[in-house]
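Chemist: The following block contains the structure, expressed as structure tokens.
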Amino acid sequence: MKVLVVGGGGREHAIIKKIKENKEVSEIYALPGNGGIAADATCVDIGAKDIDGIVKFAVENKIDYAIVAPDDPLVLGAVDALEEKGIPCFGPRANAAIIEGSKVFSKDLMKKYGIPTAAYEVFTDMDAALEYLDSAPIPTVIKADGLALGKGVVIAETREAAKDAVKSMMQDKVFGKSGDRVVIEEFLTGPEVSVLSFTDGNVVVPMISSMDHKRAGDNDTGLNTGGMGTVAPNPYYTAEIAEICMRTIFKPTIDAMNAEGRAFKGCLYFGLMLTPNGPKVIEYNCRFGDPETQVVLPLLESDLLTVMRAVTDGKLAETEVKFSNKHACCVVMASKGYPTAYEKGFELTIPTDISDKVYVAGAAIKDGKLVTNGGRVLGATEVADTLPNAIKAAYGLVDKIHFENAYYRHDIGARALKAKEC
Ligand code: AMP
Ligand code: GLY
């Protein structure tokens, strides 16, 4: 079976390593993949947003199954285009990927169907947004409507900062058309939990919960990043909270998408905040999270490709999705300076005895050597019986990996450990 994976980061590397466990798989192509993924798949230089190129490659190479991992191609309709050519896919069609592609869509969906989320207002007119901010409660949260490389959310502690954020999105167009509309929403508090789920549009099966570490610096300081590390499971996500989320958020979301004629098939990511008033949705993503995937998939005991194909075929209810009761920790090693300016091209050495546990996000092959080629370079994941052991072991991996200007947080998992104490 020939499988194609669209994307080229740590998340895609984790998916590919897991797919490889299925004996039916004869060939995996990554579009575009990266220098590290090249050890596990055939990388093809076709960009993840090049929908025509992806479809042409898939048809010419008689691909049996395609997994579209990143948000951009999903929102651009990669799954629709592949399905038109008869290629079965894992991932939502564009009309369902909009749940991530437009914050206005997702907020309106939640309001219409009574799914708990922060109170909000939508603005298409900048002056109206600025006027609203004169009396809005502070802190407040400003969100660009469309995709913005994970940077479209500003938590404003003052009115001035809130107005500056609105101006940069709506007037200076820092996120292009994504800022044509903005959502201004209530600031919520509480621990955050990421819950990825499989859904075939009929049933929703949550995966093991996880905790991201979004800020660049130790103790959650510095700029927001794509994610500097993760642990799973998330200790705040108790069985009782899981039950509330299924009843008030997960199932209602699947039903709402169906009612709108936008059946969601694929991985639906629930970004949740456990507020004093119960769990609320902070954001939906129409895909696997990165680096959540790097801790969730190593804990999946069922065969990933079998589960994915069940999602495609609408047979998820009959398919076992089992997670181990161990703990996983992923520490992201980045280039110094990330998420702003950083240098790349440094030689990267990953000892072969640990390469199974390393998911490469930003690397290239130059003159036969693996070199750094991105902000987030890799994620090192260990699984253990307890969270402290998983954390210790993940940092043990980090100690064995070398490249110049490597930067990583030293406290991945510390927040989760504190939660366990209380
Ligand atoms: P996002 O890019 O949507 O994941 O948002 C980035 C981060 O901003 C989230 O992980 C939260 O920490 C924070 N955030 C987003 N919306 C809110 C909100 N309404 N209240 C408080 N924090 C928020
Ligand atoms: N780690 C957050 C995301 O994938 O959006």
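Each chain in the structure tokens gets a letter, A, B, ..., in the order shown, and its residues are numbered from 1; ligands are numbered from 1 in order too.
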Please identify the residues whose atoms come within 10 Å of ligand 1, using only C-alpha atoms and all ligand atoms, and report them as a PyMOL selection string.

Modeler: chain A and resi 100+103+117-120+139-144+147-156+184-194+212-215+224-227+270-273+275+280-285

Chemist: Please return, as a PyMOL selection string, all residues of segment 235-419 of chain A that DSSP assigns to alpha helix (DSSP H) on the basis of the backbone.

Modeler: chain A and resi 239-245+251-259+293-296+304-313+387-400+414-419

Chemist: For each of A:Val3, A:Met207, A:Met126, A:Ala69, take the minimum atom-to-atom distance to ligand 2, counting only C-alpha atoms and all ligand atoms, then give the residue where this is smallest.

Modeler: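 Nearest to ligand 2: A:Ala69.
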
Chemist: Could you tell me which of A:Asp164, A:Leu268, A:Thr248, A:Val174 comes closest to Pro206 of chain A if we count only C-alpha atoms?

Modeler: A:Leu268

Chemist: Between A:Phe346, A:Ala334, A:Val166, A:Cys267, which is the closest to Tyr132 of chain A once you count only C-alpha atoms?

Modeler: A:Val166

Chemist: Smallest atom-to-atom distance to Ala394 of chain A: which of A:Ser102, A:Thr352, A:Ser135, A:Thr230, using only C-alpha atoms?

Modeler: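 Smallest distance to Ala394 of chain A is found for A:Thr230.
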
Chemist: Quick one: residues within 8 Å of Ala66 of chain A, only C-alpha atoms counted, chain neighbours fewer than 6 positions away excluded, as a PyMOL selection string?

Modeler: chain A and resi 3-6+87-90

Chemist: Would you write out those residues with C-alpha atoms, as a CSV table (one decimal), in the first residue's frame?

Modeler:
chain,number,residue,atom,x,y,z
A,3,VAL,CA,0.7,6.2,1.5
A,4,LEU,CA,1.2,9.9,0.9
A,5,VAL,CA,1.6,12.3,3.8
A,6,VAL,CA,1.2,16.0,3.1
A,87,ILE,CA,-8.0,8.8,-3.6
A,88,PRO,CA,-9.2,8.1,-0.1
A,89,CYS,CA,-8.0,10.6,2.4
A,90,PHE,CA,-7.6,11.2,6.1
